[in-house]
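Q: Next comes the structure file coords.cif, holding mmCIF, C-alpha atoms and all ligand atoms.
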```cif
data_target
loop_
_atom_site.label_atom_id
_atom_site.label_comp_id
_atom_site.auth_asym_id
_atom_site.auth_seq_id
_atom_site.Cartn_x
_atom_site.Cartn_y
_atom_site.Cartn_z
CA MET A 1 8.89 32.75 159.63
CA THR A 2 12.22 31.47 160.81
CA ILE A 3 12.74 28.31 158.84
CA ALA A 4 16.32 28.14 157.62
CA PRO A 5 16.59 27.49 153.88
CA VAL A 6 18.28 24.23 153.01
CA GLN A 7 20.24 23.67 149.80
CA SER A 8 17.94 22.32 147.13
CA SER A 9 18.77 19.50 144.77
CA PRO A 10 15.91 19.59 142.30
CA SER A 11 15.94 16.69 139.93
CA LEU A 12 13.18 16.16 137.48
CA GLY A 13 13.58 12.42 137.24
CA SER A 14 13.82 10.52 134.02
CA SER A 15 10.18 9.93 133.12
CA GLY A 16 10.36 12.65 130.48
CA TRP A 17 7.57 15.04 131.43
CA THR A 18 8.71 18.45 130.27
CA ASP A 19 7.01 21.59 131.60
CA THR A 20 5.39 22.20 128.22
CA ARG A 21 3.88 18.71 128.12
CA LEU A 22 2.69 18.96 131.71
CA ILE A 23 1.06 22.33 131.09
CA LEU A 24 -0.81 20.84 128.13
CA ALA A 25 -1.74 17.69 130.04
CA LEU A 26 -3.12 19.73 132.96
CA GLU A 27 -5.10 22.22 130.86
CA GLU A 28 -8.32 20.24 131.29
CA VAL A 29 -7.88 20.09 135.06
CA VAL A 30 -7.16 23.82 135.14
CA GLU A 31 -10.38 24.49 133.25
CA LYS A 32 -12.40 22.31 135.63
CA GLU A 33 -10.81 23.88 138.71
CA LEU A 34 -11.22 27.38 137.29
CA ASN A 35 -14.95 26.80 136.76
CA ARG A 36 -15.28 25.32 140.25
CA HIS A 37 -13.45 28.34 141.66
CA LEU A 38 -15.63 30.83 139.79
CA GLY A 39 -18.70 28.97 141.06
CA VAL A 40 -17.75 29.20 144.74
CA ALA A 41 -15.86 32.55 144.91
CA LYS A 42 -18.27 35.20 146.15
CA GLU A 43 -17.82 38.84 145.19
CA TRP A 44 -16.94 41.11 148.12
CA MET A 45 -16.26 44.82 148.36
CA PRO A 46 -13.03 45.98 150.03
CA HIS A 47 -14.41 49.48 150.69
CA GLU A 48 -17.09 48.06 152.98
CA PHE A 49 -14.45 46.93 155.47
CA VAL A 50 -12.78 50.32 155.83
CA PRO A 51 -14.11 52.68 158.54
CA TRP A 52 -13.79 55.79 156.38
CA SER A 53 -15.41 57.96 159.07
CA GLN A 54 -12.26 57.45 161.20
CA GLY A 55 -10.07 58.82 158.40
CA ARG A 56 -8.59 62.32 158.46
CA ASP A 57 -5.88 64.34 156.74
CA PHE A 58 -2.24 63.63 157.49
CA ASP A 59 0.45 66.26 157.88
CA GLY A 60 2.32 67.34 154.77
CA VAL A 61 0.44 68.67 151.75
CA LEU A 62 -2.89 68.99 153.60
CA GLY A 63 -1.44 70.16 156.90
CA GLY A 64 -3.39 67.58 158.92
CA GLU A 65 -2.38 65.61 161.96
CA ALA A 66 0.85 63.60 161.92
CA TRP A 67 0.73 59.86 162.57
CA ASN A 68 1.18 58.72 166.12
CA VAL A 69 1.25 55.20 167.52
CA GLU A 70 -1.46 56.09 170.06
CA GLN A 71 -4.03 56.76 167.33
CA SER A 72 -5.00 53.14 166.72
CA GLN A 73 -6.23 50.29 168.86
CA VAL A 74 -4.35 47.71 166.79
CA THR A 75 -1.89 45.70 168.94
CA PRO A 76 1.90 45.91 168.37
CA LEU A 77 1.85 42.29 167.12
CA GLY A 78 -1.05 43.13 164.81
CA ARG A 79 0.90 46.09 163.40
CA VAL A 80 4.03 44.10 162.61
CA SER A 81 2.04 41.29 161.11
CA LEU A 82 -0.27 43.52 159.05
CA VAL A 83 2.74 45.27 157.52
CA VAL A 84 4.40 41.97 156.59
CA ASN A 85 1.15 40.67 155.10
CA LEU A 86 0.52 43.88 153.16
CA LEU A 87 4.06 44.13 151.77
CA THR A 88 3.79 40.49 150.74
CA GLU A 89 0.58 41.30 148.86
CA ASP A 90 2.21 44.41 147.38
CA ASN A 91 4.72 42.40 145.37
CA LEU A 92 1.88 41.15 143.16
CA PRO A 93 3.42 42.48 139.91
CA SER A 94 6.40 40.16 140.46
CA TYR A 95 4.17 37.19 141.33
CA HIS A 96 2.04 37.85 138.25
CA HIS A 97 5.17 37.95 136.13
CA GLU A 98 6.34 34.63 137.58
CA ILE A 99 3.13 32.71 137.04
CA ALA A 100 2.28 34.32 133.69
CA THR A 101 5.74 33.34 132.44
CA MET A 102 5.46 29.83 133.88
CA PHE A 103 1.82 28.96 133.12
CA GLY A 104 1.26 31.19 130.08
CA ARG A 105 -1.51 33.66 129.31
CA GLU A 106 -3.52 31.48 126.93
CA GLY A 107 -6.63 29.37 127.46
CA ALA A 108 -7.75 28.24 130.90
CA TRP A 109 -4.27 28.78 132.38
CA GLY A 110 -4.30 32.40 131.23
CA THR A 111 -7.83 32.99 132.52
CA TRP A 112 -6.76 31.64 135.91
CA VAL A 113 -3.55 33.71 136.01
CA HIS A 114 -5.49 36.93 135.37
CA ARG A 115 -8.41 36.12 137.66
CA TRP A 116 -6.03 35.15 140.48
CA THR A 117 -4.09 38.40 139.98
CA ALA A 118 -7.31 40.44 140.17
CA GLU A 119 -8.35 38.72 143.39
CA GLU A 120 -4.94 39.21 144.97
CA GLY A 121 -5.01 42.88 143.95
CA ARG A 122 -8.06 43.35 146.15
CA HIS A 123 -6.12 42.18 149.22
CA GLY A 124 -3.45 44.86 149.06
CA ILE A 125 -6.02 47.58 148.33
CA ALA A 126 -8.24 46.56 151.24
CA ILE A 127 -5.46 46.24 153.82
CA ARG A 128 -3.77 49.51 152.82
CA ASP A 129 -7.06 51.46 152.92
CA PHE A 130 -7.82 49.98 156.33
CA LEU A 131 -4.37 50.77 157.77
CA LEU A 132 -4.40 54.37 156.52
CA ALA A 133 -8.00 55.20 157.49
CA THR A 134 -7.50 53.79 161.00
CA ARG A 135 -3.91 55.09 161.36
CA ALA A 136 -2.82 51.63 162.44
CA VAL A 137 0.74 51.99 161.08
CA ASP A 138 3.21 54.76 160.26
CA PRO A 139 2.30 55.72 156.66
CA VAL A 140 5.77 57.07 155.85
CA GLU A 141 7.52 53.96 157.11
CA LEU A 142 5.00 51.80 155.25
CA GLU A 143 5.53 53.63 151.95
CA ARG A 144 9.31 53.49 152.27
CA ALA A 145 9.16 49.77 153.06
CA ARG A 146 6.90 49.22 150.04
CA MET A 147 9.30 51.09 147.75
CA SER A 148 12.29 49.18 149.04
CA HIS A 149 10.55 45.79 148.93
CA MET A 150 9.05 46.20 145.45
CA SER A 151 12.26 47.67 144.07
CA GLU A 152 13.95 44.38 144.89
CA GLY A 153 11.27 42.45 142.99
CA PHE A 154 10.52 38.85 143.82
CA GLU A 155 12.02 35.81 142.23
CA SER A 156 10.58 32.48 143.21
CA ASP A 157 12.94 29.74 144.37
CA ASN A 158 10.89 27.46 142.12
CA SER A 159 10.84 29.20 138.75
CA HIS A 160 13.03 26.46 137.25
CA SER A 161 10.14 23.97 137.17
CA MET A 162 6.36 24.18 136.80
CA LEU A 163 5.74 21.30 139.21
CA HIS A 164 7.86 23.01 141.85
CA SER A 165 5.89 26.22 141.23
CA VAL A 166 2.53 24.45 141.61
CA ALA A 167 3.69 22.65 144.75
CA TYR A 168 5.00 25.90 146.23
CA VAL A 169 1.82 27.90 145.68
CA ALA A 170 -0.34 25.11 147.13
CA PHE A 171 1.52 25.48 150.46
CA GLN A 172 2.11 29.21 150.18
CA GLU A 173 -1.57 30.08 149.66
CA LEU A 174 -2.43 28.12 152.80
CA ALA A 175 0.44 29.83 154.65
CA THR A 176 -0.95 33.26 153.72
CA ARG A 177 -4.45 32.16 154.68
CA ILE A 178 -3.28 31.14 158.16
CA SER A 179 -1.14 34.23 158.48
CA HIS A 180 -4.03 36.61 157.62
CA ARG A 181 -6.42 34.67 159.84
CA ASN A 182 -4.15 34.71 162.89
CA THR A 183 -3.19 38.34 162.33
CA GLY A 184 -6.90 39.19 162.51
CA LYS A 185 -7.25 37.15 165.67
CA TYR A 186 -4.47 39.05 167.46
CA ALA A 187 -4.96 42.51 165.89
CA GLY A 188 -7.23 43.76 168.66
CA ASP A 189 -9.74 45.27 166.23
CA PRO A 190 -12.92 43.35 165.31
CA LEU A 191 -13.29 45.04 161.90
CA CYS A 192 -9.69 44.21 161.02
CA ASP A 193 -10.42 40.63 162.01
CA GLN A 194 -13.45 40.56 159.71
CA LEU A 195 -11.48 41.99 156.79
CA LEU A 196 -8.64 39.51 157.24
CA ALA A 197 -11.11 36.62 157.53
CA LYS A 198 -12.50 37.67 154.16
CA ILE A 199 -9.02 37.77 152.62
CA ALA A 200 -8.12 34.46 154.27
CA ASN A 201 -11.16 32.92 152.63
CA ASP A 202 -9.86 33.97 149.19
CA GLU A 203 -6.44 32.51 149.99
CA ASN A 204 -8.10 29.26 150.97
CA LEU A 205 -9.83 29.02 147.60
CA HIS A 206 -6.50 29.69 145.90
CA MET A 207 -4.93 26.90 147.93
CA VAL A 208 -7.73 24.50 146.91
CA PHE A 209 -7.15 25.32 143.24
CA TYR A 210 -3.43 24.62 143.38
CA ARG A 211 -3.77 21.64 145.70
CA ASN A 212 -6.21 19.98 143.28
CA LEU A 213 -3.85 20.73 140.43
CA LEU A 214 -1.01 19.16 142.38
CA LYS A 215 -3.19 16.09 142.96
CA ALA A 216 -3.69 15.72 139.21
CA ALA A 217 0.06 16.20 138.66
CA LEU A 218 0.78 13.42 141.17
CA GLU A 219 -1.40 11.10 139.11
CA ILE A 220 0.15 12.09 135.78
CA ALA A 221 3.81 12.31 136.81
CA PRO A 222 4.08 10.77 140.28
CA ASP A 223 7.85 10.64 140.63
CA GLN A 224 8.43 14.18 139.40
CA ALA A 225 5.56 15.56 141.47
CA MET A 226 6.86 13.79 144.59
CA ARG A 227 10.32 15.24 143.97
CA ALA A 228 8.80 18.71 143.56
CA ILE A 229 6.82 18.38 146.81
CA ALA A 230 9.88 17.16 148.72
CA ASP A 231 12.06 20.00 147.39
CA VAL A 232 9.42 22.65 148.09
CA VAL A 233 8.60 21.45 151.61
CA THR A 234 12.23 21.07 152.65
CA ASN A 235 13.20 24.51 151.26
CA PHE A 236 10.05 26.47 152.04
CA ARG A 237 10.41 30.21 152.57
CA MET A 238 7.57 32.70 152.95
CA PRO A 239 7.11 34.94 149.88
CA GLY A 240 7.77 38.02 152.05
CA HIS A 241 11.26 36.89 153.10
CA GLY A 242 12.82 39.84 151.25
CA ILE A 243 10.93 42.48 153.26
CA PRO A 244 13.26 44.92 155.08
CA GLY A 245 13.60 43.73 158.69
CA PHE A 246 11.84 40.46 157.88
CA GLU A 247 13.85 38.30 160.31
CA ARG A 248 12.99 40.50 163.27
CA ALA A 249 9.34 40.75 162.26
CA ALA A 250 9.19 36.98 161.68
CA ALA A 251 10.53 36.37 165.19
CA GLN A 252 7.80 38.58 166.72
CA ILE A 253 5.17 36.91 164.53
CA ALA A 254 6.42 33.49 165.65
CA ILE A 255 6.45 34.25 169.37
CA GLY A 256 3.05 35.93 169.13
CA GLY A 257 1.53 32.81 167.57
CA VAL A 258 0.60 34.29 164.19
CA TYR A 259 2.99 32.08 162.24
CA ASN A 260 5.70 29.78 163.53
CA LEU A 261 7.18 26.32 163.06
CA ARG A 262 4.35 24.59 164.91
CA ILE A 263 1.71 26.36 162.82
CA HIS A 264 3.72 25.75 159.64
CA HIS A 265 3.95 22.03 160.37
CA ASP A 266 0.44 21.44 161.75
CA ASP A 267 -1.74 23.94 159.87
CA VAL A 268 0.05 24.37 156.54
CA LEU A 269 2.20 21.37 155.56
CA GLN A 270 0.20 18.55 157.13
CA PRO A 271 -3.29 19.46 155.85
CA VAL A 272 -2.08 19.58 152.21
CA LEU A 273 0.11 16.48 152.54
CA ARG A 274 -2.68 14.54 154.24
CA HIS A 275 -5.28 15.60 151.70
CA LEU A 276 -3.04 14.42 148.87
CA ARG A 277 -2.09 11.29 150.85
CA VAL A 278 1.51 12.12 149.98
CA MET A 279 3.12 9.93 152.63
CA GLU A 280 0.89 6.95 151.78
CA PHE A 281 1.14 7.47 148.03
CA ASP A 282 2.10 4.27 146.24
CA GLY A 283 2.86 3.61 142.62
CA LEU A 284 6.15 5.50 142.89
CA GLY A 285 9.31 4.52 141.07
CA PRO A 286 12.74 4.55 142.78
CA GLU A 287 13.14 8.33 142.38
CA GLY A 288 9.71 9.06 143.82
CA LEU A 289 10.40 6.76 146.76
CA VAL A 290 13.66 8.57 147.53
CA ALA A 291 11.78 11.91 147.52
CA GLN A 292 8.96 10.54 149.70
CA ASN A 293 11.50 9.21 152.17
CA GLU A 294 13.35 12.55 152.30
CA LEU A 295 10.04 14.24 153.00
CA GLY A 296 9.25 11.87 155.88
CA VAL A 297 12.65 12.45 157.51
CA PHE A 298 12.28 16.21 157.09
CA LEU A 299 8.79 16.29 158.62
CA ASP A 300 9.95 14.34 161.68
CA GLY A 301 12.82 16.79 162.13
CA LEU A 302 10.51 19.77 161.69
CA ASP A 303 8.11 18.40 164.27
CA SER A 304 10.87 18.13 166.86
CA GLN A 305 12.19 21.61 165.97
CA ALA A 306 8.63 22.88 166.44
CA ARG A 307 8.50 21.24 169.87
CA LYS A 308 11.74 22.97 170.87
CA PHE A 309 10.37 26.26 169.56
CA GLU A 310 7.23 25.83 171.68
CA GLU A 311 9.36 25.31 174.79
CA ARG A 312 11.33 28.51 174.09
CA GLN A 313 8.09 30.36 173.34
CA ALA A 314 6.47 29.21 176.60
CA ALA A 315 9.57 30.19 178.61
CA LEU A 316 9.74 33.62 176.98
CA LEU A 317 6.05 34.32 177.50
CA ALA A 318 6.34 33.21 181.15
CA ARG A 319 9.29 35.62 181.67
CA ARG A 320 7.29 38.44 180.07
CA GLU A 321 4.30 37.68 182.27
CA ALA A 322 6.51 37.63 185.39
CA ARG A 323 8.03 41.01 184.40
CA ARG A 324 4.55 42.45 183.86
CA ASN A 325 3.41 41.22 187.28
CA ALA A 326 6.56 42.56 188.96
CA GLY A 327 6.21 45.93 187.26
FE FE A 401 -3.51 37.61 148.92
FE FE A 402 -3.91 33.97 147.31
#
```
I need this file expressed as structure tokens, please.
A:
Amino acid sequence: MTIAPVQSSPSLGSSGWTDTRLILALEEVVEKELNRHLGVAKEWMPHEFVPWSQGRDFDGVLGGEAWNVEQSQVTPLGRVSLVVNLLTEDNLPSYHHEIATMFGREGAWGTWVHRWTAEEGRHGIAIRDFLLATRAVDPVELERARMSHMSEGFESDNSHSMLHSVAYVAFQELATRISHRNTGKYAGDPLCDQLLAKIANDENLHMVFYRNLLKAALEIAPDQAMRAIADVVTNFRMPGHGIPGFERAAAQIAIGGVYNLRIHHDDVLQPVLRHLRVMEFDGLGPEGLVAQNELGVFLDGLDSQARKFEERQAALLARREARRNAG
């Protein structure tokens, strides 16, 4: 995604909720949401979505056939997007470290942290197996990108505050849901679409968990939660922003309609903000009102940026279409 990061000015307000107190205060909500999650999450098997019969040896140790771009029906946009999504999933050890450090490994929080990690682990396994069995992407390039990306690690922009972390994951889980879903739509392979729909469904349940937690935080510490939401929304970056060649990939993903400013505004930010009634939220003190106002100004600006993006996108696609017709 091509949203430029803005300087953050996180302020936790003066109402005195420390992270430790908030984590304790939210434990009951975490337990309730964890049980709800476990009740609705359905087991699924990643191996069932991989067409193993299409798989064959690669060159190298086994002396099989080298990878070639012609070997798969996946579209060029699908390839770029699948790699970004997979590498994003691959950095799970860093994400686990971040949330285990922030939320702890005890009680309901700990059970959630481990369960979430196990579910996310399935995503990377499933996508990698699919890409290798179907020869959708260059396996050498993929492995080198994974090594480079994971060697950098991932450090959240929000690790300074638990409310910022909760607000970030609420939006980020929905962003990954939409990104997987749209990748499936444009991948040109019905089985890939089915697999990504399954993964997107998991991401949606993760979003619901964090969104409901954020709702409870807004009730407990409204000013601080509003500040966290404003900071996170105005500084949002996708978790895969450190991937080698991310900017170029993000531009292709944006033009192709998998993830762009319009989608970010309409399908990621607005649904969460509307559900939590963030812009209508009353009962805020002066600090909360300042944050809410900042958020409103930012969203208006983002909407007009998204409109400009759509104009550029339409013009570019029209030029491409004209070139195709001429050629
Ligand atoms: Fe995931
Ligand atoms: Fe997720």
Q: Atom CA of Leu302 of chain A to atom CA of Val233 of chain A: how many Å, to one decimal?
A: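 So the two atoms, atom CA of Leu302 of chain A and atom CA of Val233 of chain A, lie 10.4 Å apart.
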Q: Set the cut-off to 10 Å, count only C-alpha atoms and all ligand atoms, and list whatever residues fall near ligand FE 401 (chain A) as a PDB file with C-alpha atoms, keeping the file's coordinate frame.
A:
```pdb
ATOM      1  CA  ASN A  85       1.150  40.670 155.100  1.00  0.00           C
ATOM      2  CA  LEU A  86       0.520  43.880 153.160  1.00  0.00           C
ATOM      3  CA  THR A  88       3.790  40.490 150.740  1.00  0.00           C
ATOM      4  CA  GLU A  89       0.580  41.300 148.860  1.00  0.00           C
ATOM      5  CA  ASP A  90       2.210  44.410 147.380  1.00  0.00           C
ATOM      6  CA  LEU A  92       1.880  41.150 143.160  1.00  0.00           C
ATOM      7  CA  TRP A 116      -6.030  35.150 140.480  1.00  0.00           C
ATOM      8  CA  THR A 117      -4.090  38.400 139.980  1.00  0.00           C
ATOM      9  CA  ALA A 118      -7.310  40.440 140.170  1.00  0.00           C
ATOM     10  CA  GLU A 119      -8.350  38.720 143.390  1.00  0.00           C
ATOM     11  CA  GLU A 120      -4.940  39.210 144.970  1.00  0.00           C
ATOM     12  CA  GLY A 121      -5.010  42.880 143.950  1.00  0.00           C
ATOM     13  CA  ARG A 122      -8.060  43.350 146.150  1.00  0.00           C
ATOM     14  CA  HIS A 123      -6.120  42.180 149.220  1.00  0.00           C
ATOM     15  CA  GLY A 124      -3.450  44.860 149.060  1.00  0.00           C
ATOM     16  CA  GLU A 173      -1.570  30.080 149.660  1.00  0.00           C
ATOM     17  CA  THR A 176      -0.950  33.260 153.720  1.00  0.00           C
ATOM     18  CA  ARG A 177      -4.450  32.160 154.680  1.00  0.00           C
ATOM     19  CA  HIS A 180      -4.030  36.610 157.620  1.00  0.00           C
ATOM     20  CA  LEU A 196      -8.640  39.510 157.240  1.00  0.00           C
ATOM     21  CA  ILE A 199      -9.020  37.770 152.620  1.00  0.00           C
ATOM     22  CA  ALA A 200      -8.120  34.460 154.270  1.00  0.00           C
ATOM     23  CA  ASN A 201     -11.160  32.920 152.630  1.00  0.00           C
ATOM     24  CA  ASP A 202      -9.860  33.970 149.190  1.00  0.00           C
ATOM     25  CA  GLU A 203      -6.440  32.510 149.990  1.00  0.00           C
ATOM     26  CA  ASN A 204      -8.100  29.260 150.970  1.00  0.00           C
ATOM     27  CA  HIS A 206      -6.500  29.690 145.900  1.00  0.00           C
TER      28      HIS A 206
END
```
Q: Quick one: everything within 7 Å of Leu261 of chain A, counting only C-alpha atoms, minus sequence neighbours fewer than 3 positions away in the same chain. Send it as an NGL selection string.
A: :A and (264-265 or 306)
Q: Which is closest to Leu22 of chain A among A:Ala217, A:Met238, A:Leu284, A:Ala315, if we use all atoms listed in the file?
A: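 Counting all atoms listed in the file, the residue closest to Leu22 of chain A is A:Ala217.
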Q: Can you measure atom CA of Ile263 of chain A to atom CA of Val84 of chain A for me? One decimal in Å is fine.
A: 17.0 Å
Q: Hey, what's within 12 Å of Arg21 of chain A if we count only C-alpha atoms and toss same-chain stuff fewer than 5 positions away? As a tab-separated table (two decimals) with C-alpha atoms, in the coordinates of the input, please?
A:
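The result, written out as selection32.tsv:
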```tsv
chain	number	residue	atom	x	y	z
A	15	SER	CA	10.18	9.93	133.12
A	16	GLY	CA	10.36	12.65	130.48
A	26	LEU	CA	-3.12	19.73	132.96
A	27	GLU	CA	-5.10	22.22	130.86
A	103	PHE	CA	1.82	28.96	133.12
A	162	MET	CA	6.36	24.18	136.80
A	163	LEU	CA	5.74	21.30	139.21
A	217	ALA	CA	0.06	16.20	138.66
A	220	ILE	CA	0.15	12.09	135.78
A	221	ALA	CA	3.81	12.31	136.81
```
Q: Please, what distance in Å, to one decimal, runs between atom CA of Pro286 of chain A and atom CA of Val169 of chain A?
A: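 Value for the atom CA of Pro286 of chain A-atom CA of Val169 of chain A distance: 25.9 Å.
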Q: Kindly indicate which residue among A:Met207, A:Met45, A:Leu38, A:Val83 lies nearest to Ala145 of chain A, using only C-alpha atoms for the distances.
A: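 Residue with the minimum atom-to-atom distance to Ala145 of chain A: A:Val83.
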Q: Which one of A:Leu195, A:Val208, A:Ile253, A:Ile229 sits closest to ligand FE 402 (chain A) if you count all atoms listed in the file?
A: A:Val208
Q: Which one of A:Ala326, A:Leu205, A:Ala318, A:Val29 sits closest to ligand FE 402 (chain A) if you count only C-alpha atoms and all ligand atoms?
A: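 Closest to ligand FE 402 (chain A), using only C-alpha atoms and all ligand atoms: A:Leu205.
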Q: Can you sort out the box for segment 176-191 of chain A, edges along x, y and z, all listed atoms in, 3 Å on every side, with centre and edge lengths in Å to one decimal, as JSON?
A:
```
{"center_x": -7.1, "center_y": 38.2, "center_z": 161.2, "size_x": 18.3, "size_y": 20.1, "size_z": 20.9}
```
Q: Between A:Arg227, A:His275, A:Arg237, A:Arg115, which is the closest to ligand FE 402 (chain A) once you count only C-alpha atoms and all ligand atoms?
A: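 Closest residue, counting only C-alpha atoms and all ligand atoms: A:Arg115.
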Q: Just the residues within 9 Å of Val74 of chain A, please, counting all atoms listed in the file, with nothing from its chain fewer than 3 positions along; format it as JSON, numbers by chain.
A: {"A": [77, 78, 79, 134, 136, 137, 186, 187, 188, 189, 192]}
Q: The residues within 12 Å of (10.4, 36.5, 163.5), using only C-alpha atoms and the coordinates of the file, should be reported as a ChimeraX atom specification; which are they?
A: /A:1-4,77,80-81,84,238,240-241,243,245-261,309,313
Q: Please determine, counting all atoms listed in the file, which residue among A:Ala170, A:Val232, A:Leu317, A:Leu289 has the shortest atom-to-atom distance to ligand FE 402 (chain A).
A: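 Closest to ligand FE 402 (chain A) of all the choices is A:Ala170.
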Q: Could you list as a list of chain:residue names every residue that has an atom within 10 Å of (4.9, 35.1, 138.1), using the file's coordinates and counting all atoms listed in the file?
A: A:Leu92, A:Pro93, A:Ser94, A:Tyr95, A:His96, A:His97, A:Glu98, A:Ile99, A:Ala100, A:Thr101, A:Met102, A:Phe103, A:Gly104, A:Val113, A:Thr117, A:Phe154, A:Glu155, A:Ser156, A:Ser159, A:Ser165
Q: Leaving out Phe281 of chain A and any residue of its chain fewer than 5 positions from it, which residues lie within 9 Å of it when counting all atoms listed in the file, given as a list of chain:residue names?
A: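 Listed by chain and then number, they are A:Pro222, A:Leu276, A:Gln292.
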Q: Now that the selection is made, can you save its residues with C-alpha atoms as a PDB file, in the coordinates of the input?
A:
```pdb
ATOM      1  CA  PRO A 222       4.080  10.770 140.280  1.00  0.00           C
ATOM      2  CA  LEU A 276      -3.040  14.420 148.870  1.00  0.00           C
ATOM      3  CA  GLN A 292       8.960  10.540 149.700  1.00  0.00           C
TER       4      GLN A 292
END
```
Q: Complete segment 26-32 of chain A with all heavy atoms (output as a PDB file, in the frame of the given file).
A:
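Written file, rebuild18.pdb:
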```
ATOM      1  N   LEU A  26      -2.313  19.250 131.816  1.00  0.00           N
ATOM      2  CA  LEU A  26      -3.120  19.730 132.960  1.00  0.00           C
ATOM      3  C   LEU A  26      -4.169  20.758 132.566  1.00  0.00           C
ATOM      4  O   LEU A  26      -4.963  21.181 133.396  1.00  0.00           O
ATOM      5  CB  LEU A  26      -2.189  20.314 134.037  1.00  0.00           C
ATOM      6  CG  LEU A  26      -1.366  19.283 134.828  1.00  0.00           C
ATOM      7  CD1 LEU A  26      -0.288  19.982 135.656  1.00  0.00           C
ATOM      8  CD2 LEU A  26      -2.251  18.431 135.730  1.00  0.00           C
ATOM      9  N   GLU A  27      -4.172  21.152 131.308  1.00  0.00           N
ATOM     10  CA  GLU A  27      -5.100  22.220 130.860  1.00  0.00           C
ATOM     11  C   GLU A  27      -6.554  21.891 131.213  1.00  0.00           C
ATOM     12  O   GLU A  27      -7.297  22.747 131.696  1.00  0.00           O
ATOM     13  CB  GLU A  27      -4.928  22.417 129.344  1.00  0.00           C
ATOM     14  CG  GLU A  27      -5.946  23.382 128.712  1.00  0.00           C
ATOM     15  CD  GLU A  27      -5.433  24.814 128.586  1.00  0.00           C
ATOM     16  OE1 GLU A  27      -4.213  25.006 128.499  1.00  0.00           O
ATOM     17  OE2 GLU A  27      -6.272  25.734 128.586  1.00  0.00           O
ATOM     18  N   GLU A  28      -6.943  20.637 131.004  1.00  0.00           N
ATOM     19  CA  GLU A  28      -8.320  20.240 131.290  1.00  0.00           C
ATOM     20  C   GLU A  28      -8.649  20.379 132.780  1.00  0.00           C
ATOM     21  O   GLU A  28      -9.736  20.816 133.145  1.00  0.00           O
ATOM     22  CB  GLU A  28      -8.490  18.772 130.901  1.00  0.00           C
ATOM     23  CG  GLU A  28      -9.699  18.506 130.012  1.00  0.00           C
ATOM     24  CD  GLU A  28      -9.697  17.068 129.536  1.00  0.00           C
ATOM     25  OE1 GLU A  28      -9.064  16.811 128.491  1.00  0.00           O
ATOM     26  OE2 GLU A  28     -10.283  16.234 130.231  1.00  0.00           O
ATOM     27  N   VAL A  29      -7.688  19.980 133.606  1.00  0.00           N
ATOM     28  CA  VAL A  29      -7.880  20.090 135.060  1.00  0.00           C
ATOM     29  C   VAL A  29      -7.971  21.565 135.455  1.00  0.00           C
ATOM     30  O   VAL A  29      -8.790  21.952 136.296  1.00  0.00           O
ATOM     31  CB  VAL A  29      -6.706  19.421 135.825  1.00  0.00           C
ATOM     32  CG1 VAL A  29      -6.949  19.427 137.324  1.00  0.00           C
ATOM     33  CG2 VAL A  29      -6.476  18.012 135.326  1.00  0.00           C
ATOM     34  N   VAL A  30      -7.135  22.387 134.838  1.00  0.00           N
ATOM     35  CA  VAL A  30      -7.160  23.820 135.140  1.00  0.00           C
ATOM     36  C   VAL A  30      -8.537  24.387 134.799  1.00  0.00           C
ATOM     37  O   VAL A  30      -9.114  25.144 135.583  1.00  0.00           O
ATOM     38  CB  VAL A  30      -6.043  24.566 134.358  1.00  0.00           C
ATOM     39  CG1 VAL A  30      -6.204  26.072 134.461  1.00  0.00           C
ATOM     40  CG2 VAL A  30      -4.675  24.156 134.878  1.00  0.00           C
ATOM     41  N   GLU A  31      -9.065  23.990 133.661  1.00  0.00           N
ATOM     42  CA  GLU A  31     -10.380  24.490 133.250  1.00  0.00           C
ATOM     43  C   GLU A  31     -11.461  24.069 134.249  1.00  0.00           C
ATOM     44  O   GLU A  31     -12.297  24.882 134.658  1.00  0.00           O
ATOM     45  CB  GLU A  31     -10.718  23.970 131.853  1.00  0.00           C
ATOM     46  CG  GLU A  31     -11.907  24.699 131.274  1.00  0.00           C
ATOM     47  CD  GLU A  31     -12.211  24.295 129.833  1.00  0.00           C
ATOM     48  OE1 GLU A  31     -11.315  23.740 129.164  1.00  0.00           O
ATOM     49  OE2 GLU A  31     -13.338  24.538 129.418  1.00  0.00           O
ATOM     50  N   LYS A  32     -11.413  22.825 134.658  1.00  0.00           N
ATOM     51  CA  LYS A  32     -12.400  22.310 135.630  1.00  0.00           C
ATOM     52  C   LYS A  32     -12.271  23.058 136.965  1.00  0.00           C
ATOM     53  O   LYS A  32     -13.259  23.500 137.546  1.00  0.00           O
ATOM     54  CB  LYS A  32     -12.146  20.806 135.831  1.00  0.00           C
ATOM     55  CG  LYS A  32     -13.256  20.109 136.597  1.00  0.00           C
ATOM     56  CD  LYS A  32     -12.963  18.624 136.740  1.00  0.00           C
ATOM     57  CE  LYS A  32     -12.874  18.285 138.204  1.00  0.00           C
ATOM     58  NZ  LYS A  32     -11.839  17.406 138.620  1.00  0.00           N
TER      59      LYS A  32
END
```
